[in-house]
$ cat model09.pdb   # PDB, C-alpha atoms
ATOM      1  CA  MET O  47       0.000   0.000   0.000  1.00  0.00           C
ATOM      2  CA  ALA O  48       1.249   3.485  -0.802  1.00  0.00           C
ATOM      3  CA  SER O  49       2.446   5.504   2.152  1.00  0.00           C
ATOM      4  CA  ALA O  50       0.747   8.654   3.388  1.00  0.00           C
ATOM      5  CA  LYS O  51       3.668  10.605   1.979  1.00  0.00           C
ATOM      6  CA  THR O  52       3.092   9.112  -1.467  1.00  0.00           C
ATOM      7  CA  ARG O  53      -0.623   9.887  -1.389  1.00  0.00           C
ATOM      8  CA  SER O  54      -0.241  13.506  -0.243  1.00  0.00           C
ATOM      9  CA  PRO O  55      -0.230  15.100  -3.726  1.00  0.00           C
ATOM     10  CA  LEU O  56      -3.862  14.161  -4.423  1.00  0.00           C
ATOM     11  CA  PRO O  57      -5.794  16.895  -2.580  1.00  0.00           C
ATOM     12  CA  GLY O  58      -4.931  20.548  -2.201  1.00  0.00           C
ATOM     13  CA  PRO O  59      -3.946  23.607  -4.176  1.00  0.00           C
ATOM     14  CA  ASP O  60      -2.060  21.770  -6.929  1.00  0.00           C
ATOM     15  CA  LYS O  61      -5.251  20.135  -8.209  1.00  0.00           C
ATOM     16  CA  ALA O  62      -7.179  23.404  -7.954  1.00  0.00           C
ATOM     17  CA  ALA O  63      -4.467  25.212  -9.892  1.00  0.00           C
ATOM     18  CA  ALA O  64      -4.466  22.527 -12.590  1.00  0.00           C
ATOM     19  CA  LEU O  65      -8.231  22.611 -13.070  1.00  0.00           C
ATOM     20  CA  ALA O  66      -8.145  26.407 -13.230  1.00  0.00           C
ATOM     21  CA  LEU O  67      -5.642  26.160 -16.080  1.00  0.00           C
ATOM     22  CA  THR O  68      -7.461  23.357 -17.904  1.00  0.00           C
ATOM     23  CA  PRO O  69     -11.102  23.104 -16.745  1.00  0.00           C
ATOM     24  CA  VAL O  70     -12.913  19.786 -17.168  1.00  0.00           C
ATOM     25  CA  SER O  71     -16.419  18.469 -16.585  1.00  0.00           C
ATOM     26  CA  PRO O  72     -17.335  17.006 -13.175  1.00  0.00           C
ATOM     27  CA  GLU O  73     -17.453  13.557 -14.774  1.00  0.00           C
ATOM     28  CA  THR O  74     -13.950  13.948 -16.187  1.00  0.00           C
ATOM     29  CA  GLU O  75     -12.690  15.187 -12.828  1.00  0.00           C
ATOM     30  CA  VAL O  76     -13.963  12.002 -11.175  1.00  0.00           C
ATOM     31  CA  ARG O  77     -12.148   9.886 -13.750  1.00  0.00           C
ATOM     32  CA  LEU O  78      -8.950  11.864 -13.299  1.00  0.00           C
ATOM     33  CA  ASP O  79      -9.204  11.440  -9.526  1.00  0.00           C
ATOM     34  CA  ARG O  80      -9.413   7.669  -9.972  1.00  0.00           C
ATOM     35  CA  TYR O  81      -6.473   7.736 -12.348  1.00  0.00           C
ATOM     36  CA  ALA O  82      -4.336   9.828  -9.983  1.00  0.00           C
ATOM     37  CA  GLU O  83      -5.133   7.514  -7.079  1.00  0.00           C
ATOM     38  CA  LEU O  84      -4.198   4.460  -9.124  1.00  0.00           C
ATOM     39  CA  LEU O  85      -0.964   6.060 -10.301  1.00  0.00           C
ATOM     40  CA  LEU O  86       0.101   6.808  -6.744  1.00  0.00           C
ATOM     41  CA  GLU O  87      -0.649   3.225  -5.719  1.00  0.00           C
ATOM     42  CA  TRP O  88       1.406   1.775  -8.569  1.00  0.00           C
ATOM     43  CA  GLN O  89       4.181   4.344  -8.171  1.00  0.00           C
ATOM     44  CA  ALA O  90       5.176   2.593  -4.944  1.00  0.00           C
ATOM     45  CA  LYS O  91       6.222  -0.495  -6.935  1.00  0.00           C
ATOM     46  CA  THR O  92       6.666   0.719 -10.516  1.00  0.00           C
ATOM     47  CA  ASN O  93       8.435   3.955 -11.435  1.00  0.00           C
ATOM     48  CA  LEU O  94       5.805   5.701 -13.570  1.00  0.00           C
ATOM     49  CA  VAL O  95       6.855   9.331 -13.077  1.00  0.00           C
ATOM     50  CA  ALA O  96       9.837  11.050 -11.499  1.00  0.00           C
ATOM     51  CA  PRO O  97       9.236  11.003  -7.701  1.00  0.00           C
ATOM     52  CA  SER O  98      10.253  14.667  -7.485  1.00  0.00           C
ATOM     53  CA  THR O  99       7.218  15.634  -9.591  1.00  0.00           C
ATOM     54  CA  LEU O 100       4.598  13.944  -7.370  1.00  0.00           C
ATOM     55  CA  PRO O 101       3.851  17.054  -5.258  1.00  0.00           C
ATOM     56  CA  ASN O 102       2.787  18.750  -8.506  1.00  0.00           C
ATOM     57  CA  LEU O 103       1.166  15.740 -10.152  1.00  0.00           C
ATOM     58  CA  TRP O 104      -1.901  17.655 -11.318  1.00  0.00           C
ATOM     59  CA  THR O 105      -0.178  20.712 -12.788  1.00  0.00           C
ATOM     60  CA  ARG O 106       3.014  19.020 -13.951  1.00  0.00           C
ATOM     61  CA  HIS O 107       1.423  16.001 -15.602  1.00  0.00           C
ATOM     62  CA  ILE O 108      -2.389  16.076 -15.768  1.00  0.00           C
ATOM     63  CA  SER O 109      -2.949  19.690 -16.790  1.00  0.00           C
ATOM     64  CA  ASP O 110       0.085  19.529 -19.075  1.00  0.00           C
ATOM     65  CA  SER O 111      -1.676  16.686 -20.908  1.00  0.00           C
ATOM     66  CA  LEU O 112      -5.160  18.227 -20.940  1.00  0.00           C
ATOM     67  CA  GLN O 113      -3.971  21.366 -22.740  1.00  0.00           C
ATOM     68  CA  LEU O 114      -3.486  19.359 -25.943  1.00  0.00           C
ATOM     69  CA  LEU O 115      -7.257  19.157 -26.345  1.00  0.00           C
ATOM     70  CA  THR O 116      -7.469  22.898 -26.988  1.00  0.00           C
ATOM     71  CA  LEU O 117      -5.099  22.533 -29.959  1.00  0.00           C
ATOM     72  CA  ALA O 118      -7.164  19.759 -31.572  1.00  0.00           C
ATOM     73  CA  PRO O 119     -10.695  20.277 -30.243  1.00  0.00           C
ATOM     74  CA  SER O 120     -12.389  18.147 -32.901  1.00  0.00           C
ATOM     75  CA  ALA O 121      -9.944  15.220 -32.700  1.00  0.00           C
ATOM     76  CA  LYS O 122     -11.552  11.962 -31.570  1.00  0.00           C
ATOM     77  CA  ALA O 123      -8.905   9.393 -32.469  1.00  0.00           C
ATOM     78  CA  TRP O 124      -5.517   9.876 -30.813  1.00  0.00           C
ATOM     79  CA  ALA O 125      -2.291   7.886 -30.822  1.00  0.00           C
ATOM     80  CA  ASP O 126       0.072   8.372 -27.879  1.00  0.00           C
ATOM     81  CA  LEU O 127       3.580   7.076 -28.523  1.00  0.00           C
ATOM     82  CA  GLY O 128       5.535   5.761 -25.540  1.00  0.00           C
ATOM     83  CA  SER O 129       2.646   6.285 -23.116  1.00  0.00           C
ATOM     84  CA  GLY O 130       4.628   5.315 -20.000  1.00  0.00           C
ATOM     85  CA  GLY O 131       2.624   6.401 -16.974  1.00  0.00           C
ATOM     86  CA  GLY O 132      -0.238   7.597 -19.170  1.00  0.00           C
ATOM     87  CA  PHE O 133       0.707  11.168 -19.982  1.00  0.00           C
ATOM     88  CA  PRO O 134      -0.877  12.376 -22.099  1.00  0.00           C
ATOM     89  CA  GLY O 135      -2.688   9.240 -23.340  1.00  0.00           C
ATOM     90  CA  VAL O 136      -4.754   8.188 -20.320  1.00  0.00           C
ATOM     91  CA  VAL O 137      -5.552  11.795 -19.426  1.00  0.00           C
ATOM     92  CA  LEU O 138      -6.865  12.368 -22.946  1.00  0.00           C
ATOM     93  CA  ALA O 139      -8.928   9.177 -22.743  1.00  0.00           C
ATOM     94  CA  CYS O 140     -10.464  10.348 -19.453  1.00  0.00           C
ATOM     95  CA  ALA O 141     -11.371  13.691 -21.003  1.00  0.00           C
ATOM     96  CA  LEU O 142     -12.834  12.091 -24.151  1.00  0.00           C
ATOM     97  CA  ALA O 143     -14.878   9.415 -22.395  1.00  0.00           C
ATOM     98  CA  GLU O 144     -18.129  11.303 -23.003  1.00  0.00           C
ATOM     99  CA  THR O 145     -17.329  11.898 -26.679  1.00  0.00           C
ATOM    100  CA  PRO O 146     -19.061   9.400 -29.000  1.00  0.00           C
ATOM    101  CA  GLY O 147     -16.582   7.490 -31.128  1.00  0.00           C
ATOM    102  CA  ALA O 148     -13.503   8.636 -29.234  1.00  0.00           C
ATOM    103  CA  GLN O 149     -10.529   6.297 -29.052  1.00  0.00           C
ATOM    104  CA  VAL O 150      -6.972   6.672 -27.742  1.00  0.00           C
ATOM    105  CA  HIS O 151      -4.246   4.281 -28.870  1.00  0.00           C
ATOM    106  CA  LEU O 152      -1.520   3.934 -26.241  1.00  0.00           C
ATOM    107  CA  VAL O 153       1.752   2.476 -27.518  1.00  0.00           C
ATOM    108  CA  GLU O 154       4.113   1.196 -24.811  1.00  0.00           C
ATOM    109  CA  ARG O 155       6.962  -1.313 -24.991  1.00  0.00           C
ATOM    110  CA  ASN O 156       7.344  -1.908 -21.224  1.00  0.00           C
ATOM    111  CA  ALA O 157       5.049  -4.706 -20.042  1.00  0.00           C
ATOM    112  CA  LYS O 158       4.631  -3.379 -16.478  1.00  0.00           C
ATOM    113  CA  LYS O 159       3.709   0.079 -17.716  1.00  0.00           C
ATOM    114  CA  ALA O 160       1.360  -1.417 -20.302  1.00  0.00           C
ATOM    115  CA  ALA O 161      -0.352  -3.347 -17.486  1.00  0.00           C
ATOM    116  CA  PHE O 162      -0.777  -0.113 -15.553  1.00  0.00           C
ATOM    117  CA  LEU O 163      -2.211   1.646 -18.591  1.00  0.00           C
ATOM    118  CA  ARG O 164      -4.698  -1.175 -19.103  1.00  0.00           C
ATOM    119  CA  GLU O 165      -5.817  -0.951 -15.476  1.00  0.00           C
ATOM    120  CA  ALA O 166      -6.050   2.848 -15.681  1.00  0.00           C
ATOM    121  CA  LEU O 167      -8.423   2.642 -18.635  1.00  0.00           C
ATOM    122  CA  ARG O 168     -10.476   0.028 -16.795  1.00  0.00           C
ATOM    123  CA  VAL O 169     -10.910   1.910 -13.504  1.00  0.00           C
ATOM    124  CA  THR O 170     -11.708   5.171 -15.285  1.00  0.00           C
ATOM    125  CA  ASN O 171     -13.951   3.515 -17.880  1.00  0.00           C
ATOM    126  CA  SER O 172     -12.173   5.479 -20.595  1.00  0.00           C
ATOM    127  CA  PRO O 173     -11.895   4.626 -24.315  1.00  0.00           C
ATOM    128  CA  GLY O 174      -8.493   3.291 -25.242  1.00  0.00           C
ATOM    129  CA  THR O 175      -6.469   0.451 -26.716  1.00  0.00           C
ATOM    130  CA  ILE O 176      -3.092  -0.674 -25.384  1.00  0.00           C
ATOM    131  CA  HIS O 177      -0.436  -1.677 -27.925  1.00  0.00           C
ATOM    132  CA  LEU O 178       2.352  -3.574 -26.143  1.00  0.00           C
ATOM    133  CA  ALA O 179       5.088  -3.268 -28.756  1.00  0.00           C
ATOM    134  CA  ASP O 180       8.005  -1.198 -29.935  1.00  0.00           C
ATOM    135  CA  ILE O 181       6.762   1.981 -31.570  1.00  0.00           C
ATOM    136  CA  GLY O 182       8.256   1.119 -34.940  1.00  0.00           C
ATOM    137  CA  ASP O 183       6.454  -2.219 -34.894  1.00  0.00           C
ATOM    138  CA  SER O 184       2.986  -0.889 -34.149  1.00  0.00           C
ATOM    139  CA  VAL O 185       2.393   2.658 -35.362  1.00  0.00           C
ATOM    140  CA  ASP O 186       1.771   1.750 -38.986  1.00  0.00           C
ATOM    141  CA  ARG O 187      -0.542  -1.080 -37.933  1.00  0.00           C
ATOM    142  CA  ILE O 188      -2.983   1.008 -35.887  1.00  0.00           C
ATOM    143  CA  ALA O 189      -6.409   0.265 -37.333  1.00  0.00           C
ATOM    144  CA  GLY O 190      -8.570   3.115 -38.551  1.00  0.00           C
ATOM    145  CA  SER O 191      -7.756   6.766 -39.020  1.00  0.00           C
ATOM    146  CA  VAL O 192      -5.940   8.832 -36.407  1.00  0.00           C
ATOM    147  CA  ASP O 193      -6.683  12.524 -36.006  1.00  0.00           C
ATOM    148  CA  CYS O 194      -3.805  13.398 -33.738  1.00  0.00           C
ATOM    149  CA  VAL O 195      -0.513  11.763 -32.692  1.00  0.00           C
ATOM    150  CA  THR O 196       1.352  12.827 -29.586  1.00  0.00           C
ATOM    151  CA  ALA O 197       4.326  11.956 -27.406  1.00  0.00           C
ATOM    152  CA  ARG O 198       5.843  13.263 -24.199  1.00  0.00           C
ATOM    153  CA  ALA O 199       9.369  12.707 -22.869  1.00  0.00           C
ATOM    154  CA  LEU O 200       9.991   9.943 -25.380  1.00  0.00           C
ATOM    155  CA  ALA O 201      12.752  10.859 -27.847  1.00  0.00           C
ATOM    156  CA  PRO O 202      14.398  13.791 -29.640  1.00  0.00           C
ATOM    157  CA  LEU O 203      12.111  15.569 -32.080  1.00  0.00           C
ATOM    158  CA  HIS O 204      13.737  14.246 -35.264  1.00  0.00           C
ATOM    159  CA  GLN O 205      13.164  10.685 -34.028  1.00  0.00           C
ATOM    160  CA  LEU O 206       9.580  11.418 -32.986  1.00  0.00           C
ATOM    161  CA  ILE O 207       8.804  12.678 -36.470  1.00  0.00           C
ATOM    162  CA  GLY O 208      10.162   9.440 -37.891  1.00  0.00           C
ATOM    163  CA  PHE O 209       8.007   7.379 -35.513  1.00  0.00           C
ATOM    164  CA  ALA O 210       4.902   9.390 -36.391  1.00  0.00           C
ATOM    165  CA  GLU O 211       5.556   9.575 -40.139  1.00  0.00           C
ATOM    166  CA  PRO O 212       3.069   6.808 -41.103  1.00  0.00           C
ATOM    167  CA  LEU O 213       0.270   8.558 -39.200  1.00  0.00           C
ATOM    168  CA  ILE O 214       1.083  12.092 -40.322  1.00  0.00           C
ATOM    169  CA  GLY O 215       1.277  10.774 -43.871  1.00  0.00           C
ATOM    170  CA  LYS O 216      -2.354   9.674 -43.525  1.00  0.00           C
ATOM    171  CA  GLY O 217      -3.509  13.089 -42.297  1.00  0.00           C
ATOM    172  CA  ALA O 218      -2.861  13.105 -38.544  1.00  0.00           C
ATOM    173  CA  LYS O 219      -1.751  16.251 -36.762  1.00  0.00           C
ATOM    174  CA  ALA O 220       1.276  15.859 -34.486  1.00  0.00           C
ATOM    175  CA  LEU O 221       1.413  17.502 -31.060  1.00  0.00           C
ATOM    176  CA  PHE O 222       4.691  16.810 -29.274  1.00  0.00           C
ATOM    177  CA  LEU O 223       5.275  18.026 -25.716  1.00  0.00           C
ATOM    178  CA  LYS O 224       8.857  19.269 -25.384  1.00  0.00           C
ATOM    179  CA  GLY O 225      11.013  21.108 -22.854  1.00  0.00           C
ATOM    180  CA  GLN O 226      13.297  24.106 -22.854  1.00  0.00           C
ATOM    181  CA  ASP O 227      15.656  22.649 -25.477  1.00  0.00           C
ATOM    182  CA  VAL O 228      12.975  22.777 -28.160  1.00  0.00           C
ATOM    183  CA  GLU O 229      14.884  25.208 -30.392  1.00  0.00           C
ATOM    184  CA  ALA O 230      17.935  22.951 -30.479  1.00  0.00           C
ATOM    185  CA  GLU O 231      15.707  19.952 -31.238  1.00  0.00           C
ATOM    186  CA  LEU O 232      14.013  21.839 -34.062  1.00  0.00           C
ATOM    187  CA  THR O 233      17.387  22.774 -35.535  1.00  0.00           C
ATOM    188  CA  GLU O 234      18.463  19.133 -35.458  1.00  0.00           C
ATOM    189  CA  ALA O 235      15.145  17.973 -36.914  1.00  0.00           C
ATOM    190  CA  THR O 236      15.509  20.243 -39.949  1.00  0.00           C
ATOM    191  CA  LYS O 237      18.601  18.274 -40.953  1.00  0.00           C
ATOM    192  CA  TYR O 238      16.341  15.327 -41.707  1.00  0.00           C
ATOM    193  CA  TRP O 239      12.899  16.818 -42.346  1.00  0.00           C
ATOM    194  CA  ASN O 240      11.255  19.692 -44.157  1.00  0.00           C
ATOM    195  CA  ILE O 241       8.838  21.003 -41.557  1.00  0.00           C
ATOM    196  CA  LYS O 242       6.898  24.153 -40.736  1.00  0.00           C
ATOM    197  CA  PRO O 243       6.291  23.810 -37.005  1.00  0.00           C
ATOM    198  CA  HIS O 244       3.914  25.851 -34.923  1.00  0.00           C
ATOM    199  CA  LEU O 245       5.176  26.384 -31.383  1.00  0.00           C
ATOM    200  CA  HIS O 246       2.793  26.804 -28.457  1.00  0.00           C
ATOM    201  CA  SER O 247       3.967  27.834 -25.018  1.00  0.00           C
ATOM    202  CA  SER O 248       2.781  25.450 -22.311  1.00  0.00           C
ATOM    203  CA  ARG O 249      -0.119  26.678 -20.198  1.00  0.00           C
ATOM    204  CA  THR O 250       1.467  25.087 -17.154  1.00  0.00           C
ATOM    205  CA  GLY O 251       4.399  27.479 -17.075  1.00  0.00           C
ATOM    206  CA  GLY O 252       8.071  26.638 -16.815  1.00  0.00           C
ATOM    207  CA  HIS O 253       9.882  26.189 -20.079  1.00  0.00           C
ATOM    208  CA  GLY O 254       7.518  23.719 -21.739  1.00  0.00           C
ATOM    209  CA  TRP O 255       6.462  23.884 -25.366  1.00  0.00           C
ATOM    210  CA  ILE O 256       4.142  22.023 -27.719  1.00  0.00           C
ATOM    211  CA  VAL O 257       5.389  21.438 -31.251  1.00  0.00           C
ATOM    212  CA  GLU O 258       2.509  21.231 -33.731  1.00  0.00           C
ATOM    213  CA  LEU O 259       3.110  19.657 -37.134  1.00  0.00           C
ATOM    214  CA  ASP O 260       0.588  18.793 -39.827  1.00  0.00           C
ATOM    215  CA  HIS O 261       2.936  18.351 -42.781  1.00  0.00           C
ATOM    216  CA  ILE O 262       6.315  16.624 -42.915  1.00  0.00           C
ATOM    217  CA  GLU O 263       8.601  15.686 -45.764  1.00  0.00           C
ATOM    218  CA  ARG O 264      11.883  13.811 -45.697  1.00  0.00           C
ATOM    219  CA  ARG O 265      14.771  15.882 -46.968  1.00  0.00           C
ATOM    220  CA  ASN O 266      16.131  15.008 -50.415  1.00  0.00           C
ATOM    221  CA  GLN O 267      12.916  13.243 -51.392  1.00  0.00           C
ATOM    222  CA  PRO O 268      10.172  14.402 -53.766  1.00  0.00           C
ATOM    223  CA  ALA O 269       7.066  16.013 -52.330  1.00  0.00           C
ATOM    224  CA  SER O 270       5.055  12.893 -53.065  1.00  0.00           C
ATOM    225  CA  ALA O 271       7.196  10.799 -50.701  1.00  0.00           C
ATOM    226  CA  HIS O 272       5.554   8.954 -47.833  1.00  0.00           C
ATOM    227  CA  GLY O 273       5.015  11.313 -44.901  1.00  0.00           C
ATOM    228  CA  THR O 274       3.487  14.240 -46.748  1.00  0.00           C
ATOM    229  CA  ARG O 275      -0.063  15.208 -46.028  1.00  0.00           C
ATOM    230  CA  ALA O 276      -2.572  14.991 -48.849  1.00  0.00           C
TER     231      ALA O 276
END
$ encode --input "model09.pdb" --output "structure tokens"
Amino acid sequence: MASAKTRSPLPGPDKAAALALTPVSPETEVRLDRYAELLLEWQAKTNLVAPSTLPNLWTRHISDSLQLLTLAPSAKAWADLGSGGGFPGVVLACALAETPGAQVHLVERNAKKAAFLREALRVTNSPGTIHLADIGDSVDRIAGSVDCVTARALAPLHQLIGFAEPLIGKGAKALFLKGQDVEAELTEATKYWNIKPHLHSSRTGGHGWIVELDHIERRNQPASAHGTRA
């Protein structure tokens, strides 16, 4: 059982601050509460998030994930690459649970984390599918169309674009959560890709950014190459 110290981040001003930044319905709040409780229980035995971030679980992780919805308000089908502890994938699924036809694909290679993700979707009754596989082995096999692909704390931007290329090539928008080194990552990415990124400053403060991409093209390839948006 998680200690009292581990459970302490649940109530208090951090949650209030997060919901002020990214308001949700009462039903979504209940689901997020269940998710946060489950995460803190599992955190005691499986490292899902950095322990130092637990006091700010709601603002640092939950609200940070919820803000993506404002950048793709009509998106129903999401793919979250390297879901880990469920940010942003499970949070998005919780928020979309009342949306008819919504589905979140969570791709995770670690079996323990995939088990947690599966349990998180179950206890929150949220729409999602777990893909236990390496990203390169599963992304191009996701059934159906995907409106938006995302990733958080997974890989450098130029690698993320490569992972997401099959989905972006079919019309998905990419929303990648990045940190303060985003400019350096963009510079590196342009060595491999022709991109026109839109940068959004994170609502949760700090030095976070969201990189939005809806068209990519491998360098030194014709415009009709795989990865361009029709």
$ closest_residue --input "model09.pdb" --among "O:Arg106, O:Arg155, O:Leu232, O:Ala179" --to "O:Gly254" --atoms "all atoms listed in the file"
O:Arg106
$ closest_residue --input "model09.pdb" --among "O:Phe133, O:Tyr81, O:Phe222, O:Trp104" --to "O:Ser248" --atoms "all atoms listed in the file"
O:Phe222
$ atom_distance --input "model09.pdb" --atom1 "atom CA of O:Leu163" --atom2 "atom CA of O:Pro101"
21.3 Å
$ residues_around --input "model09.pdb" --residues "O:Val153" --least-positions-apart "2" --cutoff "7 Å" --atoms "all atoms listed in the file" --output "list in words"
Asp126, Leu127, Gly128, Ser129, His151, Arg155, Ile176, His177, Leu178, Ala179 and Ile181 of chain O
$ write_last_selection --input "model09.pdb" --atoms "C-alpha atoms" --output "PDB file, in the frame of the given file"
ATOM      1  CA  ASP O 126       0.072   8.372 -27.879  1.00  0.00           C
ATOM      2  CA  LEU O 127       3.580   7.076 -28.523  1.00  0.00           C
ATOM      3  CA  GLY O 128       5.535   5.761 -25.540  1.00  0.00           C
ATOM      4  CA  SER O 129       2.646   6.285 -23.116  1.00  0.00           C
ATOM      5  CA  HIS O 151      -4.246   4.281 -28.870  1.00  0.00           C
ATOM      6  CA  ARG O 155       6.962  -1.313 -24.991  1.00  0.00           C
ATOM      7  CA  ILE O 176      -3.092  -0.674 -25.384  1.00  0.00           C
ATOM      8  CA  HIS O 177      -0.436  -1.677 -27.925  1.00  0.00           C
ATOM      9  CA  LEU O 178       2.352  -3.574 -26.143  1.00  0.00           C
ATOM     10  CA  ALA O 179       5.088  -3.268 -28.756  1.00  0.00           C
ATOM     11  CA  ILE O 181       6.762   1.981 -31.570  1.00  0.00           C
TER      12      ILE O 181
END
$ closest_residue --input "model09.pdb" --among "O:Val169, O:Leu112, O:Leu203, O:Ala62" --to "O:Ala230" --atoms "only C-alpha atoms"
O:Leu203
$ resolve_selection --input "model09.pdb" --expression "the PyMOL selection byres ((chain O and resi 66) around 12)" --output "mmCIF file with C-alpha atoms, in the frame of the given file"
data_model
loop_
_atom_site.group_PDB
_atom_site.id
_atom_site.type_symbol
_atom_site.label_atom_id
_atom_site.label_comp_id
_atom_site.auth_asym_id
_atom_site.auth_seq_id
_atom_site.Cartn_x
_atom_site.Cartn_y
_atom_site.Cartn_z
ATOM 1 C CA PRO O 59 -3.946 23.607 -4.176
ATOM 2 C CA ASP O 60 -2.060 21.770 -6.929
ATOM 3 C CA LYS O 61 -5.251 20.135 -8.209
ATOM 4 C CA ALA O 62 -7.179 23.404 -7.954
ATOM 5 C CA ALA O 63 -4.467 25.212 -9.892
ATOM 6 C CA ALA O 64 -4.466 22.527 -12.590
ATOM 7 C CA LEU O 65 -8.231 22.611 -13.070
ATOM 8 C CA LEU O 67 -5.642 26.160 -16.080
ATOM 9 C CA THR O 68 -7.461 23.357 -17.904
ATOM 10 C CA PRO O 69 -11.102 23.104 -16.745
ATOM 11 C CA VAL O 70 -12.913 19.786 -17.168
ATOM 12 C CA SER O 71 -16.419 18.469 -16.585
ATOM 13 C CA TRP O 104 -1.901 17.655 -11.318
ATOM 14 C CA THR O 105 -0.178 20.712 -12.788
ATOM 15 C CA SER O 109 -2.949 19.690 -16.790
ATOM 16 C CA LEU O 112 -5.160 18.227 -20.940
ATOM 17 C CA GLN O 113 -3.971 21.366 -22.740
ATOM 18 C CA ARG O 249 -0.119 26.678 -20.198
ATOM 19 C CA THR O 250 1.467 25.087 -17.154
#
$ resolve_selection --input "model09.pdb" --expression "the PyMOL selection byres ((chain O and resi 192) around 6)" --output "MDAnalysis selection string"
chainID O and resid 123:124 191 193:194 218
$ atom_distance --input "model09.pdb" --atom1 "atom CA of O:Leu213" --atom2 "atom CA of O:Thr170"
27.0 Å
$ atom_distance --input "model09.pdb" --atom1 "atom CA of O:Ala210" --atom2 "atom CA of O:Phe162"
23.6 Å
$ resolve_selection --input "model09.pdb" --expression "the PyMOL selection byres ((chain O and resi 212) around 9)" --output "PDB file with C-alpha atoms, keeping the file's coordinate frame"
ATOM      1  CA  VAL O 185       2.393   2.658 -35.362  1.00  0.00           C
ATOM      2  CA  ASP O 186       1.771   1.750 -38.986  1.00  0.00           C
ATOM      3  CA  GLY O 208      10.162   9.440 -37.891  1.00  0.00           C
ATOM      4  CA  PHE O 209       8.007   7.379 -35.513  1.00  0.00           C
ATOM      5  CA  ALA O 210       4.902   9.390 -36.391  1.00  0.00           C
ATOM      6  CA  GLU O 211       5.556   9.575 -40.139  1.00  0.00           C
ATOM      7  CA  LEU O 213       0.270   8.558 -39.200  1.00  0.00           C
ATOM      8  CA  ILE O 214       1.083  12.092 -40.322  1.00  0.00           C
ATOM      9  CA  GLY O 215       1.277  10.774 -43.871  1.00  0.00           C
ATOM     10  CA  LYS O 216      -2.354   9.674 -43.525  1.00  0.00           C
ATOM     11  CA  HIS O 272       5.554   8.954 -47.833  1.00  0.00           C
ATOM     12  CA  GLY O 273       5.015  11.313 -44.901  1.00  0.00           C
TER      13      GLY O 273
END
$ closest_residue --input "model09.pdb" --among "O:Glu73, O:Glu234, O:Asp260, O:Glu165" --to "O:Gly132" --atoms "all atoms listed in the file"
O:Glu165
$ residues_around --input "model09.pdb" --residues "O:Lys159" --least-positions-apart "4" --cutoff "8 Å" --atoms "all atoms listed in the file" --output "PyMOL selection string"
chain O and resi 92+94+130-131+154+163
$ axis_aligned_box --input "model09.pdb" --around "stretch 207-219 of chain O" --padding-each-side "3 Å" --output "JSON"
{"center_x": 3.3, "center_y": 11.5, "center_z": -39.7, "size_x": 19.7, "size_y": 15.4, "size_z": 14.4}
$ closest_residue --input "model09.pdb" --among "O:Glu258, O:Gln89, O:Asp180, O:Pro72" --to "O:Thr196" --atoms "all atoms listed in the file"
O:Glu258
$ closest_residue --input "model09.pdb" --among "O:Thr233, O:Thr99, O:Ser247, O:Asn266" --to "O:Leu117" --atoms "only C-alpha atoms"
O:Ser247
